[in-house]
Each structure stands twice: as C-alpha cells, then as structure tokens.
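Data block below; observations after.
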Amino acid sequence: MKTIVTLLGLLAVAAAPLPSQTDISLRHEVERAHQRGIAFLVKQQETNGSWRHHPGITGLAVTALARANQLGTEGQQALRRGVQFILSNVKTNGAIYGGGDTDKYPNYSTAICAMALLATGDPAHTEVIRNARRFLLGSQFDESEDVKETDPSYGGIGYGRRERPDLSNTQWALEAIRLTESLQSQAGDSPHTDSRLHWQKALQFLQRCQNLPSVNDQPWAKVATTNDLGGFVYMPGYSFANEDVPAEPNTPLRSYGSMTYAGFKSYIYAELKKDDPRVQAARAWLARNYTLDENPGLGAQGLYYYYHTIAKALTAYGEDTFTDAAGKTHDWRYELMKKLVSLQKADGFWQNDNNRWWENDPVLSTTYSLIALDILQARRYP
C-alpha cells in the first residue's frame, strides 16, 4: 500500500509546477524530521512489541512505521513486532483491545488498530480487519441498544459498546469504517450492505454535535452565538471549551478546533457534498478560526491531535489551498509541515507541554506528527 501511495504522491507532485528552492528545502527538512521521528519511535518500543503497552498507541505507531518510505532493518523489525502485538489483542468478537486500563477503550483501540493493519498492506490481515469493522458497526448507539432517534446519543460511538458516545471516538470509528469499506466489497458484499444505514444514523449524531440550529434539535444549539455557528463540540450537551462555564440546560456551547475538523472530516466520509449547508457551515467556522498556533478554543490542549486531524480533514476535502475569513489564501500543507518541523525536539520527538489527553507523552505526540507529515507529503490519505 505504501508503494502505491508514494507513487500517487509523486505523480501529483510531478503534475504540479516546479517547486521553489524554499519548497525543496522544506521537503528535505520534512524528510529529515520524519527519519529522526521514526528513529525515536523505534527506540521507544517495549519488549512485547507494544508502545506504552496500549493497543491504540501501538496502532498509531504501527501506522507511522507502515507509511514510512524507508525503515531500515530496525524499523522493519519494530513494525513486525508491533503488528504481532496488535494481533495478540484480537478478540473473538472482532474487537482489538488489551487488558487492564485499556479495557475501557475497545472501540478507540479497534478503530486505530484496524487502520494500522490496513496501512501495512498485508492481505493476511484482511479477515481481522473485516471483523474489526463489523465490531465497530455493531457498537453504534441505535435501536439495537434500545436507543431511540430522539436520544442525543443516537448514531454515535463511544469508547465501549455501552459507554456514552462522543465525537472523538465516533470520528475514529467512522474513519476506520470508511477506509476499510473496500474490504467489505471484496468479501462479496455491497460496501453499503451493512453500512449505508450506519452513515445515516451517524449523520444524526454528527448534527447534534454541531452548533447549527437549522439541523441540530438540541436546546443548547438553538442559542448558539454567532462566533460558534458551524463549529463542533465534544458530544451533544458538552464541550471541553465550556469547562469554566456553569452547566445549564440552555447554556451555549463553545465550538473548538479539533472537534470541528473531526466533524468536518466525518461529514466528508459520510459523502456530503461541499455545497451541503452542514459542510459549508463547518468550513466557515474553520475559516474564521484558521490557525496553527493553537487548538482554537482550547489553546495548547490537544494540539497534536488537532494537527493530525487537520492533515486528514483537509486532505479528504481535496483542495490545495484554504482561504480564511479575512480572504487570505493559505498553502495549508506547506504551513503545517513548516509548523511541525519547527516543533520537533532535538532528540527527534514531539511533545506537548500541556498534559491534557496524554500529549505530554512524546510517543503519542510523535505518532500524531509522523502520520500528519506523511499525509502532507503524499498529498493523499490513506
């Protein structure tokens, strides 16, 4: 798979105008940053083949290694050990998760590990990926869980089958389901046999996470402020950007960057068109809040998750430039590559000084950064 992605990326570059000397220089910097990041990641692997003894984090590391152009012997060995750790955590119901604390994250880990196995391009993993996909489809909150359409949880996916859904877990699951759809059709089924209804349900959950009164039936959305219109929150009725605001039934919820890119990406995977009002509203919020200096609404919190999601979302959107609300056109790939290169530490890793969502762990922030850099260079995902 990596060979195909790389070839397509090279074709895209070949078809574009000749890069300036600055572009060539940055590309070399990115390649060097990528090599140093991979070397750091390989050194951090545990003896059992995992990273941090966590299937989800291991899945991110395996994805970063599998997408790398040149691994070398140590990198290839690390990749094989990481894959074996993932396979050792496959359950009979198709889920991929571990023991101990990781038991709390079966959907999160399953989605990431399924995409990691897909990234290896090894057909030997096909059945494992298909089973993981079925598990994720079965984890959606709907009538099978006695959840009615009027329930704000309807259509969403949480950390576990019976844990309340949120947009972060939902976006990981939707990404995995979309990227593995071709494997479903290879099995002799229509790719939408068991997923078309899934996407319609998912859209209902996504809408209830968006600050858009025209499609969101939740009371807090009806009182959305102008600045928050079109953006997304963590889950219906809750935003991490509102943690300093007393919880009231009709309190407006603040939109923030990482979840808005997550919702924007999920709309694209759900095959909404660019002129769909929901997509346009999300894009308008992103245009008003375009920045790489922080995660808008949360500052440094979740910053590398934010960068990682930008790379995937705008690649899926399919436009080489992004125009902000002030009318300034951004070469967003160039700007994001430059930002990530500037943030790399001397020892080859990335680390958030803010410890929210484990991002002070250099392994996690490094996996986010490496995957983002590869997507930016390849100009496509997966």
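Identifiers in this document derive from the order of the structure tokens: chains are assigned A, B, ..., residues are numbered from 1 separately in each chain, and ligands are numbered from 1 in order of occurrence.
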
Spatial neighbours of Asn216 in chain A, max dist 12 Å, only C-alpha atoms, sep filter under 2 positions, as a list in words: Thr150, Pro152, Leu203, Gln204, Phe205, Leu206, Gln207, Arg208, Cys209, Gln210, Asn211, Leu212, Pro213, Ser214, Gln218, Pro219, Trp220, Ala221, Lys222, Val223, Ala224, Leu229, Gly230, Gly231, Phe232, Pro236, Gly237 and Arg278 of chain A

Write the residues of the selection above to a file with N, CA and C atoms, as a short mmCIF file (atom, residue, chain, number, x, y, z; two decimals), in the first residue's frame.
data_model
loop_
_atom_site.label_atom_id
_atom_site.label_comp_id
_atom_site.auth_asym_id
_atom_site.auth_seq_id
_atom_site.Cartn_x
_atom_site.Cartn_y
_atom_site.Cartn_z
N THR A 150 -34.71 10.00 19.02
CA THR A 150 -34.81 11.26 19.75
C THR A 150 -33.72 11.41 20.82
N PRO A 152 -30.09 11.98 22.21
CA PRO A 152 -28.89 12.65 21.68
C PRO A 152 -27.75 11.68 21.37
N LEU A 203 -24.93 10.51 10.80
CA LEU A 203 -25.18 11.92 10.48
C LEU A 203 -26.06 12.57 11.53
N GLN A 204 -27.00 11.82 12.08
CA GLN A 204 -27.85 12.39 13.11
C GLN A 204 -27.04 12.75 14.36
N PHE A 205 -26.09 11.89 14.70
CA PHE A 205 -25.23 12.19 15.85
C PHE A 205 -24.32 13.37 15.54
N LEU A 206 -23.72 13.39 14.36
CA LEU A 206 -22.83 14.49 13.98
C LEU A 206 -23.56 15.82 14.03
N GLN A 207 -24.78 15.86 13.52
CA GLN A 207 -25.55 17.09 13.54
C GLN A 207 -25.80 17.58 14.96
N ARG A 208 -25.96 16.66 15.88
CA ARG A 208 -26.22 17.03 17.27
C ARG A 208 -24.96 17.43 18.01
N CYS A 209 -23.82 17.36 17.32
CA CYS A 209 -22.56 17.87 17.86
C CYS A 209 -22.18 19.20 17.22
N GLN A 210 -22.95 19.64 16.26
CA GLN A 210 -22.62 20.86 15.52
C GLN A 210 -23.46 22.04 16.00
N ASN A 211 -22.82 23.17 16.17
CA ASN A 211 -23.51 24.40 16.54
C ASN A 211 -24.22 24.97 15.32
N LEU A 212 -25.30 24.35 14.94
CA LEU A 212 -26.03 24.77 13.75
C LEU A 212 -27.53 24.54 13.99
N PRO A 213 -28.24 25.57 14.43
CA PRO A 213 -29.65 25.42 14.82
C PRO A 213 -30.55 24.85 13.72
N SER A 214 -30.20 25.05 12.47
CA SER A 214 -31.05 24.58 11.38
C SER A 214 -31.09 23.07 11.28
N GLN A 218 -31.03 20.13 19.50
CA GLN A 218 -30.73 20.25 20.93
C GLN A 218 -30.88 21.69 21.41
N PRO A 219 -31.38 21.90 22.65
CA PRO A 219 -31.64 23.25 23.14
C PRO A 219 -30.42 24.17 23.13
N TRP A 220 -29.24 23.63 23.47
CA TRP A 220 -28.05 24.48 23.52
C TRP A 220 -27.67 25.01 22.14
N ALA A 221 -28.01 24.25 21.09
CA ALA A 221 -27.69 24.69 19.73
C ALA A 221 -28.58 25.84 19.30
N LYS A 222 -29.78 25.90 19.85
CA LYS A 222 -30.73 26.95 19.47
C LYS A 222 -30.30 28.32 19.97
N VAL A 223 -29.39 28.35 20.93
CA VAL A 223 -28.92 29.63 21.47
C VAL A 223 -27.44 29.85 21.15
N ALA A 224 -26.97 29.18 20.11
CA ALA A 224 -25.55 29.30 19.72
C ALA A 224 -25.20 30.74 19.39
N LEU A 229 -21.20 29.39 15.51
CA LEU A 229 -22.02 28.77 14.47
C LEU A 229 -21.17 27.94 13.51
N GLY A 230 -21.60 26.71 13.27
CA GLY A 230 -20.93 25.84 12.32
C GLY A 230 -19.88 24.95 12.93
N GLY A 231 -19.36 25.34 14.10
CA GLY A 231 -18.33 24.53 14.74
C GLY A 231 -18.91 23.34 15.47
N PHE A 232 -18.03 22.50 16.01
CA PHE A 232 -18.45 21.28 16.69
C PHE A 232 -17.99 21.27 18.13
N PRO A 236 -23.09 15.84 22.25
CA PRO A 236 -24.31 16.64 22.48
C PRO A 236 -24.44 17.04 23.95
N GLY A 237 -24.48 18.35 24.18
CA GLY A 237 -24.65 18.84 25.54
C GLY A 237 -23.37 19.11 26.30
N ARG A 278 -24.36 21.92 5.98
CA ARG A 278 -23.63 21.47 7.16
C ARG A 278 -22.13 21.56 6.93
#

For the structure I just gave you, how does DSSP split range 66-231 of chain A - specifically, which residues are alpha helix (DSSP H)? Reply as a ChimeraX atom specification. /A:66,72-88,106-120,126-137,167-179,181-186,196-207,219-222

All residues 8 Å or closer to Thr180 in chain A, only C-alpha atoms, same chain fewer than 5 positions away omitted, as a PyMOL selection string: chain A and resi 115+118+129-130+133

Quick one: write out the picked residues with C-alpha atoms as a compact mmCIF listing (two decimals), in the first residue's frame?
# COMPACT_ATOMS: atom_id res chain seq x y z
CA MET A 115 -6.40 1.19 10.21
CA LEU A 118 -4.74 -1.76 6.70
CA ILE A 129 -9.81 -6.01 9.63
CA ARG A 130 -13.24 -7.10 8.36
CA ARG A 133 -15.11 -3.30 11.05

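Shortest separation to Thr225 in chain A among A:Ser239, A:Thr126, A:Ser255, A:Ser168 occurs at residue A:Ser255, atoms counted being only C-alpha atoms.
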
Min atom-atom distance to Arg254 in chain A from the set A:Asp228, A:Tyr234, A:Ile24, A:Pro277, counting only C-alpha atoms, belongs to A:Asp228

Residues at most 8 Å from Ile375 in chain A, counting only C-alpha atoms, excluding those fewer than 6 positions away in the same chain, as a PyMOL selection string? chain A and resi 311-312+315+381-382

Using only C-alpha atoms, which protein or nucleic acid residues come within 10 Å of Tyr108 in chain A? Drop anything in the same chain fewer than 5 positions from it, and give the result as a ChimeraX atom specification. /A:55-56,95-97,102,113,136,157-160,168-173

Could you take the residues named above and write them with C-alpha atoms, as a PDB file, in the first residue's frame?
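Full text of again-v9.pdb as output:
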ATOM      1  CA  PRO A  55      -3.082  -1.280  21.594  1.00  0.00           C
ATOM      2  CA  GLY A  56      -4.350   2.141  20.499  1.00  0.00           C
ATOM      3  CA  ALA A  95     -12.562  -6.137  18.708  1.00  0.00           C
ATOM      4  CA  ILE A  96      -8.887  -5.319  19.205  1.00  0.00           C
ATOM      5  CA  TYR A  97      -8.006  -4.133  22.683  1.00  0.00           C
ATOM      6  CA  THR A 102      -7.183  -0.432  28.066  1.00  0.00           C
ATOM      7  CA  CYS A 113      -5.625  -0.940  15.072  1.00  0.00           C
ATOM      8  CA  LEU A 136     -17.373  -1.062  15.120  1.00  0.00           C
ATOM      9  CA  ILE A 157     -19.988   5.594  19.078  1.00  0.00           C
ATOM     10  CA  GLY A 158     -18.184   5.768  22.428  1.00  0.00           C
ATOM     11  CA  TYR A 159     -15.116   4.187  23.992  1.00  0.00           C
ATOM     12  CA  GLY A 160     -17.047   0.959  24.519  1.00  0.00           C
ATOM     13  CA  SER A 168     -13.775  11.903  19.066  1.00  0.00           C
ATOM     14  CA  ASN A 169     -14.487   8.171  19.297  1.00  0.00           C
ATOM     15  CA  THR A 170     -17.123   8.465  16.592  1.00  0.00           C
ATOM     16  CA  GLN A 171     -14.722  10.127  14.158  1.00  0.00           C
ATOM     17  CA  TRP A 172     -12.058   7.436  14.718  1.00  0.00           C
ATOM     18  CA  ALA A 173     -14.652   4.716  14.094  1.00  0.00           C
TER      19      ALA A 173
END

Please return, as an MDAnalysis selection string, all residues of range 302-382 of chain A that DSSP assigns to strand (DSSP E or B) on the basis of the backbone. chainID A and resid 322:323 329:330

Pull N, CA and C atoms from the residues just selected and write them as a compact mmCIF listing (two decimals), in the first residue's frame.
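result.txt, freshly written:
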# COMPACT_ATOMS: atom_id res chain seq x y z
N PHE A 322 -6.45 26.91 1.34
CA PHE A 322 -7.57 27.18 2.25
C PHE A 322 -7.63 28.67 2.48
N THR A 323 -8.76 29.28 2.18
CA THR A 323 -8.93 30.72 2.33
C THR A 323 -9.64 31.02 3.64
N THR A 329 -5.34 33.50 1.46
CA THR A 329 -5.23 32.12 0.98
C THR A 329 -3.99 31.46 1.56
N HIS A 330 -4.19 30.29 2.13
CA HIS A 330 -3.09 29.57 2.79
C HIS A 330 -2.73 28.30 2.02

Selection: 9 Å around Asn242 in chain A, only C-alpha atoms, excl. self and same-chain fewer than 2 positions, as a JSON list (two decimals) with N, CA and C atoms, in the first residue's frame:
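Wrote it out as out-v7.json, contents follow:
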[["chain", "number", "residue", "atom", "x", "y", "z"],
["A", 238, "TYR", "N", -22.19, 18.86, 25.68],
["A", 238, "TYR", "CA", -20.95, 19.09, 26.41],
["A", 238, "TYR", "C", -19.83, 19.51, 25.47],
["A", 239, "SER", "N", -19.07, 20.52, 25.90],
["A", 239, "SER", "CA", -17.89, 20.98, 25.18],
["A", 239, "SER", "C", -16.75, 21.19, 26.17],
["A", 240, "PHE", "N", -15.57, 20.71, 25.82],
["A", 240, "PHE", "CA", -14.41, 20.94, 26.67],
["A", 240, "PHE", "C", -14.05, 22.43, 26.72],
["A", 244, "ASP", "N", -15.21, 26.15, 32.06],
["A", 244, "ASP", "CA", -15.25, 27.23, 33.05],
["A", 244, "ASP", "C", -16.62, 27.88, 33.14],
["A", 245, "VAL", "N", -17.61, 27.27, 32.47],
["A", 245, "VAL", "CA", -18.96, 27.83, 32.45],
["A", 245, "VAL", "C", -19.90, 26.89, 33.20],
["A", 246, "PRO", "N", -20.70, 27.41, 34.13],
["A", 246, "PRO", "CA", -21.65, 26.55, 34.86],
["A", 246, "PRO", "C", -22.59, 25.83, 33.89],
["A", 247, "ALA", "N", -22.83, 24.56, 34.17],
["A", 247, "ALA", "CA", -23.68, 23.76, 33.28],
["A", 247, "ALA", "C", -25.15, 24.16, 33.48],
["A", 252, "PRO", "N", -25.16, 28.21, 25.89],
["A", 252, "PRO", "CA", -24.49, 27.99, 24.59],
["A", 252, "PRO", "C", -23.19, 27.24, 24.79],
["A", 253, "LEU", "N", -22.89, 26.31, 23.92],
["A", 253, "LEU", "CA", -21.65, 25.56, 24.00],
["A", 253, "LEU", "C", -20.65, 26.12, 22.99],
["A", 254, "ARG", "N", -19.41, 26.26, 23.41],
["A", 254, "ARG", "CA", -18.39, 26.82, 22.55],
["A", 254, "ARG", "C", -17.82, 25.75, 21.61],
["A", 255, "SER", "N", -17.73, 26.09, 20.36],
["A", 255, "SER", "CA", -17.08, 25.20, 19.38],
["A", 255, "SER", "C", -15.58, 25.28, 19.56]]

So which one's closest to Met235 in chain A, A:Gln200, A:Asn352, A:Gln70, A:Ser153? Using only C-alpha atoms, please. A:Ser153

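For the pair CA of Glu74 in chain A and CA of Pro362 in chain A, the separation is 19.8 Å.
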
Under the rule that only C-alpha atoms are counted, which of A:Gly94, A:Gly263, A:Gly59, A:Gly99 is the nearest residue to Arg283 in chain A? A:Gly263
